[in-house]
file data06.cif (mmCIF, C-alpha atoms and all ligand atoms)
data_protein
#
loop_
_atom_site.label_atom_id
_atom_site.label_comp_id
_atom_site.auth_asym_id
_atom_site.auth_seq_id
_atom_site.Cartn_x
_atom_site.Cartn_y
_atom_site.Cartn_z
CA MET W 19 132.37 37.98 98.77
CA SER W 20 133.59 38.37 102.37
CA THR W 21 130.84 39.53 104.74
CA THR W 22 132.98 40.20 107.81
CA PRO W 23 132.17 43.51 109.56
CA ILE W 24 135.58 44.90 108.61
CA ALA W 25 135.04 44.07 104.92
CA PHE W 26 131.58 45.68 105.08
CA GLU W 27 133.01 48.85 106.62
CA GLU W 28 135.79 48.97 104.01
CA ARG W 29 133.28 48.63 101.16
CA ARG W 30 131.12 51.35 102.71
CA ALA W 31 134.12 53.68 103.11
CA GLY W 32 135.07 53.00 99.49
CA ARG W 33 131.60 53.91 98.25
CA LEU W 34 131.57 57.13 100.31
CA ALA W 35 134.96 58.11 98.87
CA ILE W 36 133.67 57.63 95.32
CA ALA W 37 130.56 59.67 96.10
CA ALA W 38 132.73 62.43 97.55
CA ASP W 39 134.79 62.47 94.36
CA TYR W 40 131.68 62.87 92.21
CA VAL W 41 130.59 65.76 94.44
CA GLU W 42 134.06 67.33 94.08
CA LEU W 43 133.61 67.27 90.28
CA THR W 44 130.73 69.74 90.70
CA LYS W 45 132.96 72.42 92.41
CA PRO W 46 130.58 72.60 95.41
CA LYS W 47 132.18 75.63 97.09
CA ILE W 48 131.75 77.81 94.01
CA ALA W 49 128.29 76.36 93.42
CA VAL W 50 127.05 77.09 96.97
CA MET W 51 127.94 80.76 96.72
CA LEU W 52 126.55 80.97 93.20
CA LEU W 53 123.23 79.42 94.23
CA ALA W 54 122.98 81.80 97.18
CA ALA W 55 123.32 84.62 94.65
CA VAL W 56 120.58 83.07 92.48
CA ALA W 57 118.25 82.87 95.48
CA VAL W 58 118.96 86.48 96.51
CA SER W 59 118.32 87.59 92.93
CA GLY W 60 114.84 86.03 93.08
CA CYS W 61 114.19 87.86 96.37
CA VAL W 62 115.40 91.21 95.03
CA ALA W 63 113.27 90.76 91.88
CA THR W 64 110.14 90.43 94.02
CA TRP W 65 111.05 93.06 96.69
CA GLY W 66 111.45 90.31 99.28
CA GLN W 67 108.21 88.46 98.43
CA PRO W 68 109.35 85.55 96.21
CA ASP W 69 107.17 82.57 95.29
CA LEU W 70 109.23 80.18 97.40
CA TRP W 71 108.35 77.08 95.39
CA ARG W 72 109.36 78.73 92.11
CA LEU W 73 112.54 79.99 93.80
CA PHE W 74 113.34 76.46 94.99
CA HIS W 75 112.80 75.07 91.48
CA ALA W 76 115.03 77.76 90.00
CA VAL W 77 117.84 77.18 92.51
CA PHE W 78 117.62 73.39 92.31
CA GLY W 79 117.54 73.34 88.50
CA THR W 80 120.38 75.85 88.30
CA ALA W 81 122.37 73.69 90.72
CA LEU W 82 122.05 70.70 88.37
CA VAL W 83 123.04 72.68 85.27
CA ALA W 84 125.90 74.47 87.03
CA ALA W 85 127.16 71.16 88.44
CA SER W 86 127.07 69.67 84.93
CA SER W 87 129.10 72.60 83.56
CA CYS W 88 131.75 72.14 86.27
CA VAL W 89 131.96 68.39 85.58
CA TRP W 90 132.45 69.03 81.85
CA ASN W 91 134.96 71.83 82.57
CA GLN W 92 137.04 69.31 84.53
CA TRP W 93 136.51 66.60 81.91
CA LEU W 94 137.92 68.96 79.27
CA GLU W 95 140.83 69.94 81.56
CA ARG W 96 141.58 66.47 82.95
CA ARG W 97 145.02 66.48 81.27
CA SER W 98 146.00 70.14 81.89
CA ASP W 99 144.87 69.84 85.53
CA LEU W 100 147.66 67.26 85.92
CA LEU W 101 150.17 70.05 85.20
CA MET W 102 149.07 72.29 88.10
CA LYS W 103 149.79 71.63 91.80
CA ARG W 104 146.43 73.20 92.69
CA THR W 105 144.39 70.82 90.52
CA ARG W 106 146.46 67.64 89.99
CA GLU W 107 144.74 65.85 92.91
CA ARG W 108 141.26 66.37 91.44
CA PRO W 109 139.27 63.13 90.80
CA LEU W 110 139.91 62.96 87.02
CA PRO W 111 143.65 63.80 86.81
CA ALA W 112 144.25 61.63 89.88
CA GLY W 113 142.44 58.76 88.19
CA ARG W 114 139.88 58.19 90.97
CA ILE W 115 137.04 58.68 88.48
CA THR W 116 137.16 57.62 84.82
CA ALA W 117 136.64 60.11 82.00
CA ASN W 118 133.64 58.10 80.79
CA GLY W 119 132.14 58.05 84.29
CA ALA W 120 132.48 61.83 84.52
CA ALA W 121 131.02 62.34 81.03
CA ILE W 122 127.94 60.25 81.85
CA PHE W 123 127.55 62.09 85.18
CA GLY W 124 127.90 65.51 83.53
CA ALA W 125 125.51 64.67 80.71
CA ALA W 126 122.90 63.35 83.13
CA LEU W 127 123.14 66.43 85.37
CA GLY W 128 122.87 68.80 82.42
CA SER W 129 119.95 67.13 80.65
CA ILE W 130 118.00 66.61 83.86
CA GLY W 131 118.75 70.17 84.98
CA VAL W 132 117.61 71.89 81.78
CA SER W 133 114.50 69.65 81.59
CA TYR W 134 113.69 70.39 85.24
CA LEU W 135 113.96 74.16 84.66
CA LEU W 136 111.81 73.88 81.51
CA ALA W 137 109.14 71.92 83.39
CA THR W 138 109.06 74.04 86.55
CA VAL W 139 110.02 77.66 85.81
CA GLY W 140 109.74 77.96 82.04
CA TRP W 141 111.75 78.14 78.81
CA LYS W 142 113.43 81.52 79.53
CA VAL W 143 115.21 80.24 82.66
CA ALA W 144 116.11 76.95 80.92
CA ALA W 145 117.47 78.86 77.91
CA ILE W 146 119.66 81.14 80.06
CA GLY W 147 120.94 78.05 81.89
CA ALA W 148 121.78 76.23 78.68
CA ALA W 149 123.45 79.35 77.26
CA THR W 150 125.52 79.75 80.44
CA TRP W 151 126.52 76.09 80.26
CA LEU W 152 127.70 76.54 76.67
CA LEU W 153 129.53 79.80 77.48
CA TYR W 154 131.44 78.19 80.38
CA VAL W 155 132.15 74.79 78.84
CA VAL W 156 132.44 75.45 75.10
CA VAL W 157 133.81 79.03 75.05
CA TYR W 158 135.51 79.92 78.36
CA THR W 159 137.24 76.62 79.08
CA PRO W 160 139.10 76.32 75.74
CA MET W 161 139.75 80.11 75.78
CA LYS W 162 141.81 79.73 78.98
CA ARG W 163 144.59 78.41 76.73
CA THR W 164 144.36 81.10 74.05
CA SER W 165 143.53 84.55 75.48
CA PRO W 166 143.53 86.51 78.77
CA TRP W 167 140.07 87.71 77.76
CA ASN W 168 138.88 84.31 79.02
CA THR W 169 138.28 85.92 82.41
CA ALA W 170 135.74 88.37 80.94
CA VAL W 171 133.91 85.47 79.28
CA GLY W 172 134.01 83.45 82.51
CA ALA W 173 132.65 86.45 84.39
CA VAL W 174 129.63 86.60 82.06
CA ALA W 175 129.04 82.88 82.68
CA GLY W 176 129.41 83.45 86.41
CA ALA W 177 126.92 86.33 86.44
CA LEU W 178 124.22 84.99 84.07
CA PRO W 179 122.71 82.63 86.72
CA LEU W 180 121.48 85.75 88.58
CA LEU W 181 119.19 86.40 85.61
CA MET W 182 117.89 82.82 85.97
CA GLY W 183 116.71 83.57 89.52
CA TRP W 184 115.26 86.88 88.34
CA ALA W 185 113.45 85.38 85.32
CA ALA W 186 112.06 82.51 87.40
CA MET W 187 110.10 85.10 89.40
CA GLY W 188 108.51 86.35 86.18
CA ALA W 189 110.04 89.79 86.77
CA PRO W 190 111.01 91.92 83.74
CA PHE W 191 114.75 92.55 83.24
CA ASP W 192 114.96 96.16 84.44
CA LEU W 193 117.77 98.43 85.69
CA ARG W 194 117.88 96.55 89.00
CA ALA W 195 118.36 93.21 87.22
CA ALA W 196 121.14 94.74 85.14
CA ALA W 197 122.74 96.11 88.33
CA LEU W 198 122.71 92.68 90.00
CA PHE W 199 124.29 91.13 86.90
CA ALA W 200 126.94 93.89 86.90
CA ILE W 201 127.68 93.42 90.61
CA LEU W 202 128.51 89.73 90.14
CA PHE W 203 130.24 90.37 86.80
CA PHE W 204 132.63 93.01 88.16
CA TRP W 205 133.17 91.11 91.46
CA GLN W 206 134.81 88.24 89.58
CA PHE W 207 137.77 90.34 88.41
CA PRO W 208 139.36 91.25 91.77
CA HIS W 209 138.37 87.71 92.88
CA PHE W 210 140.18 86.02 90.03
CA MET W 211 143.06 88.45 89.47
CA ALA W 212 144.13 87.64 93.04
CA ILE W 213 143.84 83.90 92.34
CA ALA W 214 145.60 84.19 88.97
CA TRP W 215 148.52 86.03 90.66
CA ILE W 216 148.79 83.48 93.49
CA TYR W 217 148.81 80.55 91.04
CA ARG W 218 150.61 82.34 88.17
CA LYS W 219 153.44 79.76 88.04
CA ASP W 220 150.87 76.93 87.97
CA TYR W 221 148.94 78.57 85.15
CA ALA W 222 152.15 79.22 83.17
CA GLN W 223 153.14 75.58 83.67
CA ALA W 224 149.81 74.46 82.20
CA GLY W 225 149.95 76.97 79.32
CA MET W 226 146.94 78.92 80.57
CA GLN W 227 146.82 82.51 79.23
CA MET W 228 145.78 84.24 82.46
CA LEU W 229 146.72 87.90 82.75
CA PRO W 230 149.64 87.42 85.22
CA VAL W 231 151.06 84.83 82.78
CA VAL W 232 150.73 87.18 79.78
CA ASP W 233 152.03 90.11 81.89
CA PRO W 234 154.30 88.65 84.65
CA THR W 235 154.75 92.11 86.21
CA GLY W 236 151.15 91.92 87.41
CA VAL W 237 150.57 95.56 86.40
CA ARG W 238 147.70 94.69 84.06
CA ALA W 239 146.14 92.31 86.60
CA GLY W 240 146.34 95.06 89.22
CA ARG W 241 144.77 97.59 86.89
CA GLN W 242 141.94 95.17 85.98
CA ALA W 243 141.28 94.45 89.67
CA ILE W 244 141.15 98.19 90.48
CA GLY W 245 138.96 99.12 87.52
CA ALA W 246 136.47 96.34 88.25
CA ALA W 247 136.46 97.04 92.00
CA LEU W 248 135.69 100.72 91.28
CA ALA W 249 132.91 99.82 88.82
CA LEU W 250 131.56 97.31 91.35
CA THR W 251 131.44 99.97 94.09
CA LEU W 252 129.55 102.40 91.87
CA VAL W 253 127.06 99.87 90.47
CA SER W 254 126.43 98.29 93.89
CA ILE W 255 124.25 101.20 95.03
CA VAL W 256 121.93 101.10 91.99
CA PRO W 257 119.51 98.47 93.45
CA PHE W 258 118.79 100.87 96.33
CA LEU W 259 118.15 104.04 94.32
CA ASN W 260 114.63 105.35 93.63
CA ALA W 261 113.32 102.78 96.07
CA PRO W 262 110.52 103.95 98.36
CA LEU W 263 111.99 102.09 101.33
CA ASP W 264 113.44 103.51 104.56
CA GLY W 265 116.42 101.15 104.52
CA ALA W 266 117.86 102.59 101.33
CA PRO W 267 120.37 105.00 102.94
CA TRP W 268 121.72 102.25 105.21
CA CYS W 269 122.06 99.84 102.30
CA VAL W 270 123.82 102.44 100.17
CA ALA W 271 126.24 103.13 103.02
CA ALA W 272 126.89 99.41 103.55
CA ALA W 273 127.40 98.76 99.83
CA LEU W 274 129.82 101.68 99.55
CA ALA W 275 131.75 100.57 102.63
CA LEU W 276 132.09 97.02 101.28
CA GLY W 277 133.08 98.29 97.84
CA VAL W 278 135.64 100.79 99.10
CA GLY W 279 137.17 98.12 101.34
CA GLN W 280 137.68 95.80 98.41
CA LEU W 281 138.88 98.68 96.22
CA LEU W 282 141.57 99.60 98.77
CA LEU W 283 142.79 95.99 98.83
CA ALA W 284 142.83 95.95 95.02
CA LEU W 285 144.92 99.16 95.08
CA ARG W 286 147.24 97.57 97.66
CA PHE W 287 147.63 94.45 95.51
CA SER W 288 148.27 96.60 92.44
CA MET W 289 151.04 98.52 94.23
CA ARG W 290 152.68 95.55 95.99
CA ARG W 291 151.92 92.72 93.49
CA ASP W 292 152.92 90.04 96.00
CA ASP W 293 151.26 86.84 97.21
CA ARG W 294 150.34 88.31 100.60
CA SER W 295 148.37 91.25 99.19
CA ALA W 296 146.82 88.90 96.60
CA ARG W 297 145.60 86.52 99.32
CA HIS W 298 144.13 89.46 101.26
CA LEU W 299 142.31 90.56 98.09
CA LEU W 300 141.01 86.99 97.51
CA TRP W 301 139.75 86.76 101.08
CA ALA W 302 138.16 90.19 100.72
CA SER W 303 136.32 88.99 97.61
CA LEU W 304 135.04 85.93 99.47
CA VAL W 305 133.81 88.18 102.29
CA TYR W 306 132.42 90.85 99.96
CA LEU W 307 129.98 88.68 98.01
CA PRO W 308 128.09 87.05 100.92
CA ALA W 309 128.02 90.41 102.71
CA MET W 310 126.65 92.22 99.64
CA LEU W 311 124.07 89.45 99.16
CA GLY W 312 123.08 89.99 102.79
CA VAL W 313 122.60 93.72 102.22
CA LEU W 314 120.47 93.03 99.12
CA LEU W 315 118.39 90.49 101.08
CA ALA W 316 117.92 92.84 104.05
CA PHE W 317 116.93 95.83 101.93
CA PRO W 318 113.15 95.24 101.62
CA ILE W 319 112.96 94.26 105.30
CA LEU W 320 114.83 97.25 106.75
C1 LIG S 401 135.86 84.49 85.97
C2 LIG S 401 135.15 83.81 86.90
C3 LIG S 401 135.81 83.00 87.98
C4 LIG S 401 137.01 82.41 88.00
C5 LIG S 401 138.07 82.36 86.91
C6 LIG S 401 137.15 81.77 89.29
C7 LIG S 401 138.24 81.03 89.69
C8 LIG S 401 138.35 80.44 90.92
C9 LIG S 401 139.40 79.53 91.27
C10 LIG S 401 140.51 79.05 90.34
C11 LIG S 401 139.23 79.19 92.57
C12 LIG S 401 140.04 78.20 93.41
C13 LIG S 401 141.07 78.94 94.18
C14 LIG S 401 141.85 77.91 94.99
O1 LIG S 401 141.93 76.73 94.51
O2 LIG S 401 142.35 78.28 96.04
C15 LIG S 401 138.07 79.92 93.05
C16 LIG S 401 137.61 79.86 94.33
C17 LIG S 401 136.34 80.27 94.66
N1 LIG S 401 135.44 80.90 93.82
FE1 LIG S 401 135.80 81.61 92.00
N2 LIG S 401 136.02 81.98 90.03
C18 LIG S 401 135.17 82.71 89.25
C19 LIG S 401 133.89 83.07 89.57
C20 LIG S 401 133.28 82.72 90.73
C21 LIG S 401 131.87 82.87 90.97
C22 LIG S 401 130.85 83.41 89.97
C23 LIG S 401 131.65 82.45 92.23
C24 LIG S 401 130.38 82.37 93.00
C25 LIG S 401 129.44 83.30 92.94
C26 LIG S 401 132.92 82.04 92.79
C27 LIG S 401 133.10 81.57 94.07
C28 LIG S 401 134.28 81.04 94.54
C29 LIG S 401 134.45 80.53 95.87
C30 LIG S 401 133.39 80.51 96.98
C31 LIG S 401 135.75 80.06 95.96
C32 LIG S 401 136.46 79.48 97.18
C33 LIG S 401 136.36 78.00 97.07
C34 LIG S 401 137.63 77.39 97.54
O3 LIG S 401 138.13 77.84 98.58
O4 LIG S 401 138.09 76.49 96.83
N3 LIG S 401 133.90 82.23 91.85
N4 LIG S 401 137.56 80.68 92.02
C1 LIG S 402 123.87 77.56 85.22
C2 LIG S 402 125.33 77.45 84.98
C3 LIG S 402 125.81 76.66 83.82
C4 LIG S 402 126.19 78.05 85.82
C5 LIG S 402 127.66 78.02 85.67
C6 LIG S 402 128.25 79.03 86.61
C7 LIG S 402 129.72 78.83 86.71
C8 LIG S 402 130.25 77.61 87.35
C9 LIG S 402 130.50 79.77 86.20
C10 LIG S 402 131.96 79.61 86.19
C11 LIG S 402 132.71 80.57 87.02
C12 LIG S 402 134.15 80.26 86.74
C13 LIG S 402 134.72 80.85 85.51
C14 LIG S 402 134.81 79.43 87.54
C15 LIG S 402 136.26 79.12 87.36
O1 LIG S 402 136.42 78.03 86.51
P1 LIG S 402 137.92 77.57 86.19
O2 LIG S 402 137.85 76.49 85.16
O3 LIG S 402 138.73 78.76 85.84
O4 LIG S 402 138.41 77.00 87.59
P2 LIG S 402 139.60 75.91 87.80
O5 LIG S 402 140.83 76.46 87.21
O6 LIG S 402 139.67 75.79 89.32
O7 LIG S 402 139.14 74.65 87.14
#

call {"tool": "encode", "arguments": {"input": "data06.cif", "output": "structure tokens"}}
result
Amino acid sequence: MSTTPIAFEERRAGRLAIAADYVELTKPKIAVMLLAAVAVSGCVATWGQPDLWRLFHAVFGTALVAASSCVWNQWLERRSDLLMKRTRERPLPAGRITANGAAIFGAALGSIGVSYLLATVGWKVAAIGAATWLLYVVVYTPMKRTSPWNTAVGAVAGALPLLMGWAAMGAPFDLRAAALFAILFFWQFPHFMAIAWIYRKDYAQAGMQMLPVVDPTGVRAGRQAIGAALALTLVSIVPFLNAPLDGAPWCVAAALALGVGQLLLALRFSMRRDDRSARHLLWASLVYLPAMLGVLLAFPIL
């Protein structure tokens, strides 16, 4: 084997490219925001005094299980992803990673992740993680091709990890835990209705039953975005009610301002039903969640 410096650099670049493709299989951008939400959930559960080691174990274990679910979601969709411009360059449809390689990677991540959660933060967190994995991979992913209700199932899978952070702190599932779950559950509808509208032709091409494919007028997608944005605004103040903390009024005001902002953009999308208003709604959703997580994190400190 050639050992010239150029050959060495080429081999190194090749290995880095393969590693980057395996990371891409885990949907890192979605995962980062999801794990931030898991960490904030653990902080809210303990009024800002989390056991940091247990919180690290919960976030790290959830990262492994979530990554596994994303790898298997792409393994299952490696052929249909070829039919969409947005996904055809992904590692599996583009052939940069083999299906067997991805399956071994996904299985390893999932088994290590569930075992890690079991060993560090207990069976309840591991069980919620495994159930979320099954809901996303075994139920939601195939349902994308059969019913527009897939989004509601995906939203449950997307919100359940918050209960993993909560349970890892040993906190009982109370009204505040339910409110956090509802915040992330409802948030996913304006988030995805905007995406589903923007990529409606792609989804139709791949035979995916997203709402703007089932109803090309976008009226139902608009209504779903508005209804969920309204519910999100109302439920977003629940974590701050009946709390003996001075910061509550500020947090309620901030949560309402964020919610109303997103609601107005959902209304605008519903009236215009064009790509521009959909992109503004998508951006708003990607601003809303980190901002709302920030308000939840700041609450006990204010
Ligand atoms: C029903 C549930 C969900 C669906 C169907 C969904 C779908 C998607 C899709 C298809 C994209 C890629 C858009 C593009 O390629 O431009 C995306 C982007 C994103 N999603 Fe979601 N998502 C859901 C839930 C979540 C959750 C729970 C989180 C995290 C808490 C999240 C965070 C993100 C982020 C940060 C991006 C931007 C990443 C990028 O720019 O590629 N999503 N979502
Ligand atoms: C602990 C654990 C298992 C956590 C899993 C959390 C998680 C990743 C939830 C999925 C959210 C979701 C539906 C993403 C879109 O997938 P998609 O298939 O619609 O996106 P795509 O079309 O871009 O592939």

call {"tool": "residues_near_ligand", "arguments": {"input": "data06.cif", "ligand": "ligand LIG 401 (chain S)", "cutoff": "7 Å", "atoms": "only C-alpha atoms and all ligand atoms", "output": "VMD selection string"}}
result
chain W and resid 47 to 49 51 to 52 55 104 169 to 170 172 to 173 176 to 177 202 206 to 207 209 to 210 213 304

call {"tool": "residues_around", "arguments": {"input": "data06.cif", "residues": "W:Ala121", "least_positions_apart": "6", "cutoff": "8 Å", "atoms": "all atoms listed in the file", "output": "PyMOL selection string"}}
result
chain W and resi 89-90+93

call {"tool": "residues_around", "arguments": {"input": "data06.cif", "residues": "stretch 258-272 of chain W", "least_positions_apart": "4", "cutoff": "8 Å", "atoms": "all atoms listed in the file", "output": "PyMOL selection string"}}
result
chain W and resi 254+276+313-314+317-320

call {"tool": "closest_atom_pairs", "arguments": {"input": "data06.cif", "of": "chain W", "to": "ligand LIG 402 (chain S)", "cutoff": "7 Å", "atoms": "all atoms listed in the file", "output": "tab-separated table"}}
result
residue	atom	partner	partner_atom	distance
W:Ile48	CA	S:LIG402	C8	6.8
W:Ala49	CA	S:LIG402	C8	6.5
W:Thr80	CA	S:LIG402	C1	5.0
W:Ala81	CA	S:LIG402	C1	6.9
W:Val83	CA	S:LIG402	C1	5.0
W:Ala84	CA	S:LIG402	C2	3.7
W:Ser87	CA	S:LIG402	C3	5.2
W:Cys88	CA	S:LIG402	C8	5.8
W:Asn91	CA	S:LIG402	O2	6.1
W:Gln92	CA	S:LIG402	O7	6.3
W:Thr105	CA	S:LIG402	O6	7.0
W:Gly147	CA	S:LIG402	C1	4.5
W:Ala148	CA	S:LIG402	C3	6.5
W:Thr150	CA	S:LIG402	C3	4.6
W:Trp151	CA	S:LIG402	C3	3.7
W:Tyr154	CA	S:LIG402	C10	6.0
W:Thr159	CA	S:LIG402	O2	6.1
W:Thr169	CA	S:LIG402	C13	6.9
W:Gly172	CA	S:LIG402	C13	4.0
W:Ala173	CA	S:LIG402	C13	6.1
W:Ala175	CA	S:LIG402	C9	4.9
W:Gly176	CA	S:LIG402	C9	3.8
W:Pro179	CA	S:LIG402	C1	5.4

call {"tool": "atom_distance", "arguments": {"input": "data06.cif", "atom1": "atom CA of W:Thr44", "atom2": "atom CA of W:Val58"}}
result
21.3 Å

call {"tool": "residues_near_point", "arguments": {"input": "data06.cif", "point": "(141.4, 64.6, 82.2)", "cutoff": "6 Å", "atoms": "all atoms listed in the file", "output": "PyMOL selection string"}}
result
chain W and resi 93+95-97+110-111
